[in-house]
Structure formats: C-alpha cells, structure tokens
Amino acid sequence: MASVKVWCILVLSFLLPHSYAHMDFFTSIGHMTDLINTEKDLVTSLKDYIKAEESKLEQIKKWAEKLDQLTDTATKDPEGFLGHPVNAFKLMKRLNTEWGELENLVLKDMSDGFISNMTIQRQYFPNDEDQAGAAKALLRLQDTYNLDTDTLSRGNLPGVKHKSFLTAEDCFELGKIAYTEADYYHTELWMVQALKQLDDGEVSTVDKVSILDYLSYAVYQQGDLDKAMMLTKRLLELDPEHQRANGNLKYFEYIMSKEKEANKSTTKTDNQTDKESKTKKKEPSKDYLPERQKYEMLCRGEGLKMTPRRQKKLFCRYYNGNQNPKYILGPVKQEDEWDKPRIVRFLEIISDEEIETVKELAKPRLRRATISNPITGVLETAHYRISKSAWLSGYESPVVSRINRRIQDLTGLDVSTAEELQVANYGVGGQYEPHFDFGRKDEPDAFKELGTGNRIATWLFYMSDVSAGGATVFPEVGASVWPKKGTAVFWYNLFPSGEGDYSTRHAACPVLVGNKWVSNKWIHERGQEFRRPCTLSELE
C-alpha cells in the first residue's frame, strides 16, 4: 500500500508542473481571453463573499438593535425587570448561551470560499514576465506607430471598440519596466507622462517624489545634466531629506564644475557644437535590425508607392488553377498584390466555418512560437517573434485535409512534402520581425531533418480582420499586404533554379488594435521537380 502511495505522489509531481506550466499569456490574445473568464469568475466569487459578509453584519445589527431596546428598559428598573421570572430566565440564557453564539458569528470567517477560489485560480494567473511582456509591447507599439505617450495614455487608438486609459500609476509602472531594461529613453517618456497626470490633478497611489527619482536619473543617463539637476532640485523641494537625491545633486554639481573647467580651454565654436549636441533630439537606442526604419514605415502604411506604370501591370482575375477541373466552372478570385517578387492574394478562399474549426483545433495546442537558432539549430523563443502557434495535420480533420488539397490545386504544387498547417495567434503588440522563410546558404542544415529540401513557397491565410496594424510587409521591396479575413496570399521563396529570392524577406507588423489569427503552409522543394522545373538561369 505504501508503494502505491509513493507511486501516486511521483505521478502527481510529474504531472503538476506540466499542467500548471506558465503559459506566456502575453504572446497570444486567444489565450488571454481565458483570463477574462477567470477574472469574471473571481468577481462573482468576490460578490458572493460581500453578500455573505453583509448577511452576517445584518444579523449582528438586528441582534444589537433588539438588545439595545431591551437593555434600555431593563436599566431603568433592574429589580422590577428581573422580578418577572421569564426576564430572569432569559437574562441567564442570553449571557450563558446566546452571547457565545453571537461571538462565534462575529468570529466566523466568511472569506473561505473566496480565498479557496483565489488559491485555485492563482496558478493560472499571468506572472511578472507576462506583465513585463505586455508593457514592452506598448513601448514597441509606441515606437512602430509613432504614438506619443498622451495618445496611448488616453487610449486614443484607431478602431478601438472598448476605450481604456492609463492612470498615473500605470504610466509609472511602464517607466519602471523600461528602467529595468536600461531603456532610459522610454523611462523618461513615461515618467514625464505620469508626472503630467499628477500635475493635472489626478489622484494616485504613486507620488511625485518616486517619479522624479526615476526621471532625473533617466535624463542624466541620456546626457542631459542640466535637466537632471533641475528635476533633482524639484524632488528635494518636495522631500529635502531624500538621501539619494541629495547625493545625486552633489555628484551632478561636481560633474558640471569639471565640465566648466574643461570648457575654458575650448574654443567658442566647440562650445556651440557642444550646446547643439546637448539639444539634439533624443531617440530610442540603435538596435540589431538594419532595416528598422523602413520596416516601421511600411507598418504605418508610409512605404514606397509603386509607380503608375508598375501598377498598371497588376490585375485581378478569376483563376482556375491552371485549368484544374475543380475550378474551371467555379474559378476563385485572385488579385496581384506586388510584381517583384510576385505576391498574389486569393479572395474568399476560406470560409468562416472552416476558420472557426481550425481555430478550435489549434487553441488547446497553442504554444509560444519559436525560431531555429542559426548556429545550434535548437528551437528557442525570441523577443522579435511574439505569437503562439500550433500544427495541424490533414488526417486529424477533414477540414484541414480539404484546406491542404485546396492549396495544392490552386498552386499546382505537391503539398505531400509540405510542412503541416501552422496556425498562429499574435499577442499584445504581436509581431514577427523581418526574416526569411527559406534556409540561406549559411544555413545548409536548416531543413535537413525533414529531408524535403528548402521552402520553395509560402501560402498564408488571414483568418481574422485586424482593426489597426498587423500588416505583412516586405522591406526589401516596399510592399505592404494588409490582413483581410477569408483571404490568402502566396509567393515563391525560391527561384526555379533553387536559389533563394532575398526580396521575399518579410515581417508581421505589431498588432496595434485587434486580434490577428493566421495559418500558413510552407511548401518544400521535393515533389516539385516536374511541377516547377529548374531553369538555366540562377535568377529565373
């Protein structure tokens, strides 16, 4: 029997970490919807607790009112009152029994149900990583879409259905998270916003001293010593005994005196140049992505516009899949999105019912999306890919099988060697920064395990409309493709020669407002030898 108990404990200890593993909620709006239901359940539980406390208090109040009236009468003529034998008996009973019952009622803890529910639900709560991830998403959206802090704080975003705003405390928390990342640019922006809201009269749990403490140091780290001193002095006006601020002020004064001594030996021109450098506009620190500016412009819809001459070569048509029998009598709508690389969109190509089926199949399996490390080949999460994904096989559902067959019929490519249908749901500010779908020459083993060659083409379904943001952009050529529910886009990643087409480098822009669902099929080289024959030129 003891061995059975030990075995049960071992099984539970193995299962629990997997059952309650952290979900990376911020990477998928689809999974975050579960948190709405969790919070609703907690509110219901809290209201039940309040009702129980109110009921308990009401009983105590009635008891107090009854005894208040009784004792008023009794104290006016104690002997006469107790001369009635019933009153004497009831006094003994009250003090011996009923007051004890009242004591038990007062001591009764009505919160057990609520606390028990909280304990159960807490294991599914987001953690610090989720909060930080959601905060960083707001900063990312701020930069990508050129939003000022006041616009974000007031919730003035395009296409919003449920407007919300940030309190001074919220702004302060955003600034603190930026500060922990040594991102002093955003620290300053959000601390200034928090201070502004307090100056405008907002009542908050956060105080100006705490805000100025972070703000002055963030400004100093960005090289603006004069402003840092001014903010520190303002802090000391509110709290003259602030130890760190007093120390910082002395340090700033020391640095400034050293700079003045150094400036005496410089020319007037040098001084003027120094002043100009100090007033230079502050910007986010440079990062690893060389095409960041072009990528973000495309996300905002500010990309390169195709010339009228090129636009005239783009058409919409009824497409029969190169005389595919299924589509001769019922062709599909197809339109050109871009010429080089050729990107086409298929309209009304997946039904709402099919979309819901795919989403329902994928939801339980959604996991944080990964990338393949180009050096180790190991799958790992990355901050530049914020989404969750799941893989669906054709044998699991006739709907998935039908979708796979449709892709094959319309592209003319063999999907038997393609990867399974990948379903992705993007999180708060969800994105996938510029990348290639195909394996480059410096990644010869990218798809070695599959044994099906490189990714020859990409088929991408849009399974939701997106209120704002979320475009698929191609920075190398300036193309932007916007999500439209029920449509799909298709492009070749490789030339017929098998060489990679580097103009297909693309990205999924951050979702500003809305919920973005997509599914994609990566089609591989094997099986396409006679469907898309190789040419003599590397670039054809």
# chains A, B, ... in the order shown; residues from 1 in each chain; ligands from 1

$ residues_around --residues "Lys163 (chain A)" --least-positions-apart "2" --cutoff "12 Å" --atoms "only C-alpha atoms" --output "short mmCIF file (atom, residue, chain, number, x, y, z; two decimals) with all heavy atoms, in the first residue's frame"
data_model
loop_
_atom_site.label_atom_id
_atom_site.label_comp_id
_atom_site.auth_asym_id
_atom_site.auth_seq_id
_atom_site.Cartn_x
_atom_site.Cartn_y
_atom_site.Cartn_z
N THR A 151 -1.33 60.09 -26.19
CA THR A 151 -2.28 59.35 -27.03
C THR A 151 -2.52 57.96 -26.48
O THR A 151 -3.66 57.50 -26.36
CB THR A 151 -1.76 59.25 -28.47
OG1 THR A 151 -1.64 60.56 -29.03
CG2 THR A 151 -2.69 58.42 -29.35
N LEU A 152 -1.42 57.27 -26.12
CA LEU A 152 -1.56 55.94 -25.56
C LEU A 152 -2.24 55.97 -24.21
O LEU A 152 -3.10 55.13 -23.90
CB LEU A 152 -0.17 55.29 -25.41
CG LEU A 152 0.30 54.38 -26.55
CD1 LEU A 152 1.69 53.84 -26.25
CD2 LEU A 152 -0.66 53.23 -26.77
N SER A 153 -1.87 56.95 -23.38
CA SER A 153 -2.45 57.04 -22.04
C SER A 153 -3.95 57.28 -22.09
O SER A 153 -4.70 56.74 -21.29
CB SER A 153 -1.76 58.17 -21.26
OG SER A 153 -2.31 58.29 -19.98
N ARG A 154 -4.39 58.07 -23.05
CA ARG A 154 -5.83 58.36 -23.18
C ARG A 154 -6.57 57.26 -23.95
O ARG A 154 -7.79 57.29 -24.06
CB ARG A 154 -6.03 59.70 -23.89
CG ARG A 154 -5.55 60.89 -23.08
CD ARG A 154 -5.67 62.18 -23.90
NE ARG A 154 -5.15 63.33 -23.18
CZ ARG A 154 -5.86 64.07 -22.32
NH1 ARG A 154 -7.12 63.75 -22.09
NH2 ARG A 154 -5.31 65.10 -21.71
N GLY A 155 -5.81 56.32 -24.53
CA GLY A 155 -6.43 55.22 -25.26
C GLY A 155 -7.01 55.63 -26.60
O GLY A 155 -7.91 54.97 -27.13
N ASN A 156 -6.48 56.72 -27.17
CA ASN A 156 -7.00 57.21 -28.45
C ASN A 156 -6.34 56.48 -29.62
O ASN A 156 -5.47 57.01 -30.32
CB ASN A 156 -6.74 58.73 -28.57
CG ASN A 156 -7.53 59.52 -27.55
OD1 ASN A 156 -8.64 59.13 -27.17
ND2 ASN A 156 -6.99 60.64 -27.10
N LEU A 157 -6.75 55.23 -29.81
CA LEU A 157 -6.19 54.41 -30.88
C LEU A 157 -7.25 54.14 -31.94
O LEU A 157 -8.44 54.08 -31.63
CB LEU A 157 -5.69 53.08 -30.30
CG LEU A 157 -4.62 53.18 -29.21
CD1 LEU A 157 -4.29 51.80 -28.66
CD2 LEU A 157 -3.37 53.86 -29.73
N PRO A 158 -6.82 53.97 -33.19
CA PRO A 158 -7.80 53.75 -34.27
C PRO A 158 -8.49 52.40 -34.15
O PRO A 158 -7.87 51.40 -33.82
CB PRO A 158 -6.92 53.81 -35.54
CG PRO A 158 -5.54 53.45 -35.07
CD PRO A 158 -5.43 54.00 -33.68
N GLY A 159 -9.79 52.40 -34.41
CA GLY A 159 -10.54 51.15 -34.47
C GLY A 159 -10.85 50.48 -33.15
O GLY A 159 -11.23 49.32 -33.12
N VAL A 160 -10.67 51.20 -32.03
CA VAL A 160 -10.94 50.57 -30.72
C VAL A 160 -12.44 50.46 -30.47
O VAL A 160 -13.20 51.37 -30.79
CB VAL A 160 -10.27 51.34 -29.56
CG1 VAL A 160 -8.78 51.24 -29.63
CG2 VAL A 160 -10.71 52.79 -29.52
N LYS A 161 -12.85 49.34 -29.88
CA LYS A 161 -14.26 49.15 -29.51
C LYS A 161 -14.48 49.47 -28.04
O LYS A 161 -15.54 49.95 -27.66
CB LYS A 161 -14.68 47.69 -29.77
CG LYS A 161 -14.73 47.31 -31.24
CD LYS A 161 -15.19 45.86 -31.39
CE LYS A 161 -15.26 45.45 -32.85
NZ LYS A 161 -15.64 44.01 -32.99
N PHE A 165 -7.96 53.78 -20.55
CA PHE A 165 -6.91 54.77 -20.34
C PHE A 165 -5.93 54.28 -19.29
O PHE A 165 -6.20 53.34 -18.54
CB PHE A 165 -7.52 56.11 -19.93
CG PHE A 165 -8.25 56.05 -18.60
CD1 PHE A 165 -7.58 56.32 -17.41
CD2 PHE A 165 -9.60 55.72 -18.54
CE1 PHE A 165 -8.24 56.25 -16.20
CE2 PHE A 165 -10.27 55.64 -17.33
CZ PHE A 165 -9.58 55.92 -16.14
N LEU A 166 -4.75 54.91 -19.27
CA LEU A 166 -3.72 54.58 -18.30
C LEU A 166 -3.72 55.59 -17.18
O LEU A 166 -3.76 56.80 -17.42
CB LEU A 166 -2.34 54.57 -18.97
CG LEU A 166 -2.10 53.51 -20.06
CD1 LEU A 166 -0.78 53.78 -20.78
CD2 LEU A 166 -2.09 52.11 -19.45
N VAL A 513 -4.33 47.30 -32.73
CA VAL A 513 -5.64 47.08 -32.14
C VAL A 513 -6.27 45.87 -32.82
O VAL A 513 -6.30 45.80 -34.05
CB VAL A 513 -6.58 48.31 -32.32
CG1 VAL A 513 -7.96 48.01 -31.74
CG2 VAL A 513 -5.98 49.54 -31.67
#

$ residues_around --residues "Glu337 (chain A)" --least-positions-apart "3" --cutoff "9 Å" --atoms "only C-alpha atoms" --output "list in words"
Leu314, Phe315, Arg342, Ile343, Val344, Arg345, Ala479, Ser480, Val481 and Val489 of chain A

$ closest_atom_pairs --of "region 273-371 of chain A" --to "region 400-419 of chain A" --cutoff "12 Å" --atoms "only C-alpha atoms" --output "JSON lines"
{"residue": "A:Tyr318", "atom": "CA", "partner": "A:Leu410", "partner_atom": "CA", "distance": 11.8}
{"residue": "A:Tyr319", "atom": "CA", "partner": "A:Leu410", "partner_atom": "CA", "distance": 8.4}
{"residue": "A:Asn320", "atom": "CA", "partner": "A:Leu410", "partner_atom": "CA", "distance": 7.5}
{"residue": "A:Gly321", "atom": "CA", "partner": "A:Leu410", "partner_atom": "CA", "distance": 4.5}
{"residue": "A:Asn322", "atom": "CA", "partner": "A:Gly412", "partner_atom": "CA", "distance": 7.6}
{"residue": "A:Gln323", "atom": "CA", "partner": "A:Leu410", "partner_atom": "CA", "distance": 9.7}
{"residue": "A:Asn324", "atom": "CA", "partner": "A:Asp409", "partner_atom": "CA", "distance": 6.7}
{"residue": "A:Pro325", "atom": "CA", "partner": "A:Asp409", "partner_atom": "CA", "distance": 9.2}
{"residue": "A:Lys326", "atom": "CA", "partner": "A:Asp409", "partner_atom": "CA", "distance": 8.1}
{"residue": "A:Tyr327", "atom": "CA", "partner": "A:Leu410", "partner_atom": "CA", "distance": 8.6}
{"residue": "A:Ile328", "atom": "CA", "partner": "A:Leu410", "partner_atom": "CA", "distance": 11.4}
{"residue": "A:Pro331", "atom": "CA", "partner": "A:Leu410", "partner_atom": "CA", "distance": 9.9}
{"residue": "A:Val332", "atom": "CA", "partner": "A:Leu410", "partner_atom": "CA", "distance": 9.0}
{"residue": "A:Lys333", "atom": "CA", "partner": "A:Leu410", "partner_atom": "CA", "distance": 11.2}
{"residue": "A:Gln334", "atom": "CA", "partner": "A:Leu410", "partner_atom": "CA", "distance": 10.4}
{"residue": "A:Val344", "atom": "CA", "partner": "A:Thr411", "partner_atom": "CA", "distance": 10.8}
{"residue": "A:Arg345", "atom": "CA", "partner": "A:Leu410", "partner_atom": "CA", "distance": 11.5}
{"residue": "A:Phe346", "atom": "CA", "partner": "A:Leu410", "partner_atom": "CA", "distance": 9.4}
{"residue": "A:Ile349", "atom": "CA", "partner": "A:Arg406", "partner_atom": "CA", "distance": 8.8}
{"residue": "A:Ile350", "atom": "CA", "partner": "A:Ile403", "partner_atom": "CA", "distance": 7.9}
{"residue": "A:Ser351", "atom": "CA", "partner": "A:Ile403", "partner_atom": "CA", "distance": 10.3}
{"residue": "A:Glu353", "atom": "CA", "partner": "A:Val400", "partner_atom": "CA", "distance": 11.9}
{"residue": "A:Glu354", "atom": "CA", "partner": "A:Val400", "partner_atom": "CA", "distance": 8.4}
{"residue": "A:Ile355", "atom": "CA", "partner": "A:Val400", "partner_atom": "CA", "distance": 10.0}
{"residue": "A:Glu356", "atom": "CA", "partner": "A:Val400", "partner_atom": "CA", "distance": 11.6}
{"residue": "A:Thr357", "atom": "CA", "partner": "A:Val400", "partner_atom": "CA", "distance": 8.8}
{"residue": "A:Val358", "atom": "CA", "partner": "A:Val400", "partner_atom": "CA", "distance": 7.2}
{"residue": "A:Lys359", "atom": "CA", "partner": "A:Val400", "partner_atom": "CA", "distance": 11.0}
{"residue": "A:Glu360", "atom": "CA", "partner": "A:Val400", "partner_atom": "CA", "distance": 11.9}
{"residue": "A:Leu361", "atom": "CA", "partner": "A:Val400", "partner_atom": "CA", "distance": 9.6}
{"residue": "A:Ala362", "atom": "CA", "partner": "A:Val400", "partner_atom": "CA", "distance": 11.1}

$ select_by_dssp --residues "region 278-426 of chain A" --states "strand (DSSP E or B)" --output "PyMOL selection string"
chain A and resi 316-319+332-338+343-347+367-368+371-372+379-380+385+387-392+421-426

$ write_last_selection --atoms "N, CA, C and O atoms" --output "compact mmCIF listing (two decimals), in the first residue's frame"
# COMPACT_ATOMS: atom_id res chain seq x y z
N CYS A 316 -6.63 41.94 -61.36
CA CYS A 316 -7.45 41.00 -60.62
C CYS A 316 -8.12 40.11 -61.65
O CYS A 316 -8.36 40.53 -62.79
N ARG A 317 -8.42 38.88 -61.28
CA ARG A 317 -8.90 37.92 -62.28
C ARG A 317 -9.69 36.80 -61.60
O ARG A 317 -9.61 36.63 -60.37
N TYR A 318 -10.39 36.03 -62.41
CA TYR A 318 -10.95 34.77 -61.95
C TYR A 318 -9.94 33.69 -62.34
O TYR A 318 -9.58 33.57 -63.51
N TYR A 319 -9.51 32.93 -61.36
CA TYR A 319 -8.39 32.00 -61.56
C TYR A 319 -8.88 30.56 -61.42
O TYR A 319 -9.59 30.22 -60.47
N VAL A 332 -11.77 30.92 -58.69
CA VAL A 332 -11.66 31.75 -57.49
C VAL A 332 -11.18 33.14 -57.86
O VAL A 332 -10.59 33.36 -58.93
N LYS A 333 -11.43 34.09 -56.98
CA LYS A 333 -10.98 35.46 -57.21
C LYS A 333 -9.52 35.60 -56.79
O LYS A 333 -9.14 35.19 -55.69
N GLN A 334 -8.74 36.17 -57.69
CA GLN A 334 -7.31 36.36 -57.42
C GLN A 334 -6.91 37.77 -57.84
O GLN A 334 -7.39 38.28 -58.85
N GLU A 335 -6.05 38.40 -57.04
CA GLU A 335 -5.56 39.72 -57.41
C GLU A 335 -4.07 39.83 -57.11
O GLU A 335 -3.57 39.20 -56.17
N ASP A 336 -3.37 40.61 -57.93
CA ASP A 336 -1.94 40.83 -57.73
C ASP A 336 -1.73 41.87 -56.64
O ASP A 336 -2.30 42.96 -56.70
N GLU A 337 -0.88 41.54 -55.66
CA GLU A 337 -0.50 42.49 -54.62
C GLU A 337 0.81 43.18 -54.96
O GLU A 337 1.01 44.34 -54.62
N TRP A 338 1.73 42.45 -55.62
CA TRP A 338 3.05 43.00 -55.94
C TRP A 338 3.61 42.27 -57.14
O TRP A 338 3.20 41.13 -57.42
N ILE A 343 3.50 38.57 -55.60
CA ILE A 343 2.67 38.20 -54.46
C ILE A 343 1.22 38.30 -54.91
O ILE A 343 0.78 39.36 -55.38
N VAL A 344 0.48 37.20 -54.79
CA VAL A 344 -0.92 37.21 -55.21
C VAL A 344 -1.80 36.93 -53.99
O VAL A 344 -1.41 36.23 -53.05
N ARG A 345 -3.01 37.50 -54.03
CA ARG A 345 -3.98 37.27 -52.96
C ARG A 345 -5.19 36.55 -53.55
O ARG A 345 -5.71 36.93 -54.60
N PHE A 346 -5.64 35.52 -52.83
CA PHE A 346 -6.86 34.80 -53.18
C PHE A 346 -7.96 35.29 -52.25
O PHE A 346 -7.78 35.29 -51.02
N LEU A 347 -9.09 35.70 -52.81
CA LEU A 347 -10.19 36.23 -52.02
C LEU A 347 -11.25 35.16 -51.77
O LEU A 347 -11.46 34.28 -52.61
N ARG A 367 1.28 27.12 -28.42
CA ARG A 367 2.47 27.26 -27.61
C ARG A 367 3.31 28.42 -28.15
O ARG A 367 3.21 28.76 -29.32
N ARG A 368 4.10 28.99 -27.29
CA ARG A 368 4.94 30.13 -27.69
C ARG A 368 5.71 29.79 -28.96
O ARG A 368 6.39 28.76 -29.04
N ILE A 371 11.93 30.10 -32.91
CA ILE A 371 12.75 30.26 -34.13
C ILE A 371 13.90 29.25 -34.03
O ILE A 371 14.24 28.80 -32.94
N SER A 372 14.45 28.92 -35.16
CA SER A 372 15.58 27.98 -35.17
C SER A 372 16.88 28.76 -35.05
O SER A 372 17.17 29.63 -35.87
N LEU A 379 15.47 24.95 -31.38
CA LEU A 379 14.31 25.82 -31.38
C LEU A 379 14.27 26.60 -30.08
O LEU A 379 14.39 26.02 -28.99
N GLU A 380 14.09 27.92 -30.16
CA GLU A 380 14.07 28.75 -28.97
C GLU A 380 13.13 29.94 -29.17
O GLU A 380 12.85 30.33 -30.31
N ARG A 385 9.68 37.62 -32.01
CA ARG A 385 8.53 36.84 -32.50
C ARG A 385 7.56 36.65 -31.35
O ARG A 385 7.75 35.77 -30.50
N SER A 387 4.11 35.56 -30.59
CA SER A 387 2.89 34.88 -31.00
C SER A 387 2.91 33.46 -30.43
O SER A 387 3.92 33.02 -29.87
N LYS A 388 1.79 32.77 -30.58
CA LYS A 388 1.72 31.35 -30.24
C LYS A 388 1.27 30.59 -31.48
O LYS A 388 0.49 31.12 -32.29
N SER A 389 1.75 29.38 -31.62
CA SER A 389 1.41 28.62 -32.81
C SER A 389 1.11 27.17 -32.47
O SER A 389 1.48 26.67 -31.41
N ALA A 390 0.42 26.52 -33.39
CA ALA A 390 0.10 25.09 -33.27
C ALA A 390 0.15 24.49 -34.67
O ALA A 390 -0.02 25.19 -35.68
N TRP A 391 0.39 23.19 -34.73
CA TRP A 391 0.49 22.50 -36.02
C TRP A 391 -0.67 21.51 -36.17
O TRP A 391 -0.95 20.75 -35.25
N LEU A 392 -1.29 21.54 -37.34
CA LEU A 392 -2.43 20.66 -37.60
C LEU A 392 -2.14 19.77 -38.81
O LEU A 392 -1.73 20.26 -39.87
N LEU A 421 0.01 22.31 -41.48
CA LEU A 421 -0.59 23.64 -41.42
C LEU A 421 -0.26 24.28 -40.06
O LEU A 421 -0.60 23.72 -39.02
N GLN A 422 0.42 25.40 -40.11
CA GLN A 422 0.76 26.10 -38.86
C GLN A 422 -0.27 27.20 -38.62
O GLN A 422 -0.51 28.04 -39.47
N VAL A 423 -0.86 27.19 -37.42
CA VAL A 423 -1.84 28.20 -37.02
C VAL A 423 -1.18 29.10 -35.99
O VAL A 423 -0.56 28.61 -35.04
N ALA A 424 -1.28 30.41 -36.18
CA ALA A 424 -0.64 31.36 -35.26
C ALA A 424 -1.63 32.41 -34.79
O ALA A 424 -2.48 32.88 -35.56
N ASN A 425 -1.52 32.74 -33.52
CA ASN A 425 -2.31 33.83 -32.94
C ASN A 425 -1.33 34.78 -32.26
O ASN A 425 -0.50 34.36 -31.45
N TYR A 426 -1.44 36.05 -32.61
CA TYR A 426 -0.49 37.04 -32.11
C TYR A 426 -0.96 37.62 -30.78
O TYR A 426 -2.15 37.75 -30.52

$ closest_residue --among "A:Phe438, A:Phe89, A:Trp190, A:Tyr502" --to "Leu139 (chain A)" --atoms "only C-alpha atoms"
A:Trp190

$ select_by_dssp --residues "region 188-379 of chain A" --states "helix (DSSP H, G or I)" --output "number ranges by chain"
A: 188-199, 208-221, 225-238, 243-264, 268-278, 292-299, 308-311, 325-328, 352-365

$ atom_distance --atom1 "CA of Glu396 (chain A)" --atom2 "CA of Lys363 (chain A)"
14.4 Å

$ residues_around --residues "Asp24 (chain A)" --least-positions-apart "3" --cutoff "12 Å" --atoms "only C-alpha atoms" --output "NGL selection string"
:A and (20-21 or 27-32 or 124-134 or 366-369 or 381 or 386-388 or 426-428)

$ closest_residue --among "A:Met463, A:Leu105, A:Val399, A:Val511" --to "Arg140 (chain A)" --atoms "only C-alpha atoms"
A:Val511

$ residues_around --residues "Leu249 (chain A)" --least-positions-apart "4" --cutoff "10 Å" --atoms "only C-alpha atoms" --output "list in words"
Ala228, Met229, Met230, Leu231, Thr232, Lys233, Leu236, Arg244, Ala245, Glu253, Tyr254 and Ile255 of chain A

$ atom_distance --atom1 "CA of Arg440 (chain A)" --atom2 "CA of Gly500 (chain A)"
6.9 Å

$ atom_distance --atom1 "CA of Ile115 (chain A)" --atom2 "CA of Leu42 (chain A)"
9.9 Å

$ residues_around --residues "region 442-459 of chain A" --least-positions-apart "6" --cutoff "8 Å" --atoms "only C-alpha atoms" --output "MDAnalysis selection string"
chainID A and resid 374 377 407 417:418 488:494 498 520:526

$ write_last_selection --atoms "C-alpha atoms" --output "compact mmCIF listing (two decimals), in the first residue's frame"
# COMPACT_ATOMS: atom_id res chain seq x y z
CA PRO A 374 21.12 29.50 -36.95
CA GLY A 377 19.76 24.59 -34.78
CA ILE A 407 -3.67 24.85 -51.62
CA THR A 417 6.13 17.08 -48.74
CA ALA A 418 4.98 20.38 -47.21
CA ALA A 488 -4.78 34.16 -48.52
CA VAL A 489 -1.53 35.38 -50.04
CA PHE A 490 1.03 33.27 -51.90
CA TRP A 491 4.60 33.83 -53.03
CA TYR A 492 7.65 31.83 -54.08
CA ASN A 493 10.67 31.96 -51.74
CA LEU A 494 13.00 30.35 -54.28
CA GLY A 498 16.52 26.71 -56.35
CA ASN A 520 0.36 29.14 -43.21
CA LYS A 521 1.63 26.29 -45.31
CA TRP A 522 5.34 26.06 -46.12
CA ILE A 523 5.74 24.08 -49.34
CA HIS A 524 9.09 22.31 -49.90
CA GLU A 525 11.17 21.52 -53.00
CA ARG A 526 10.75 17.75 -53.07
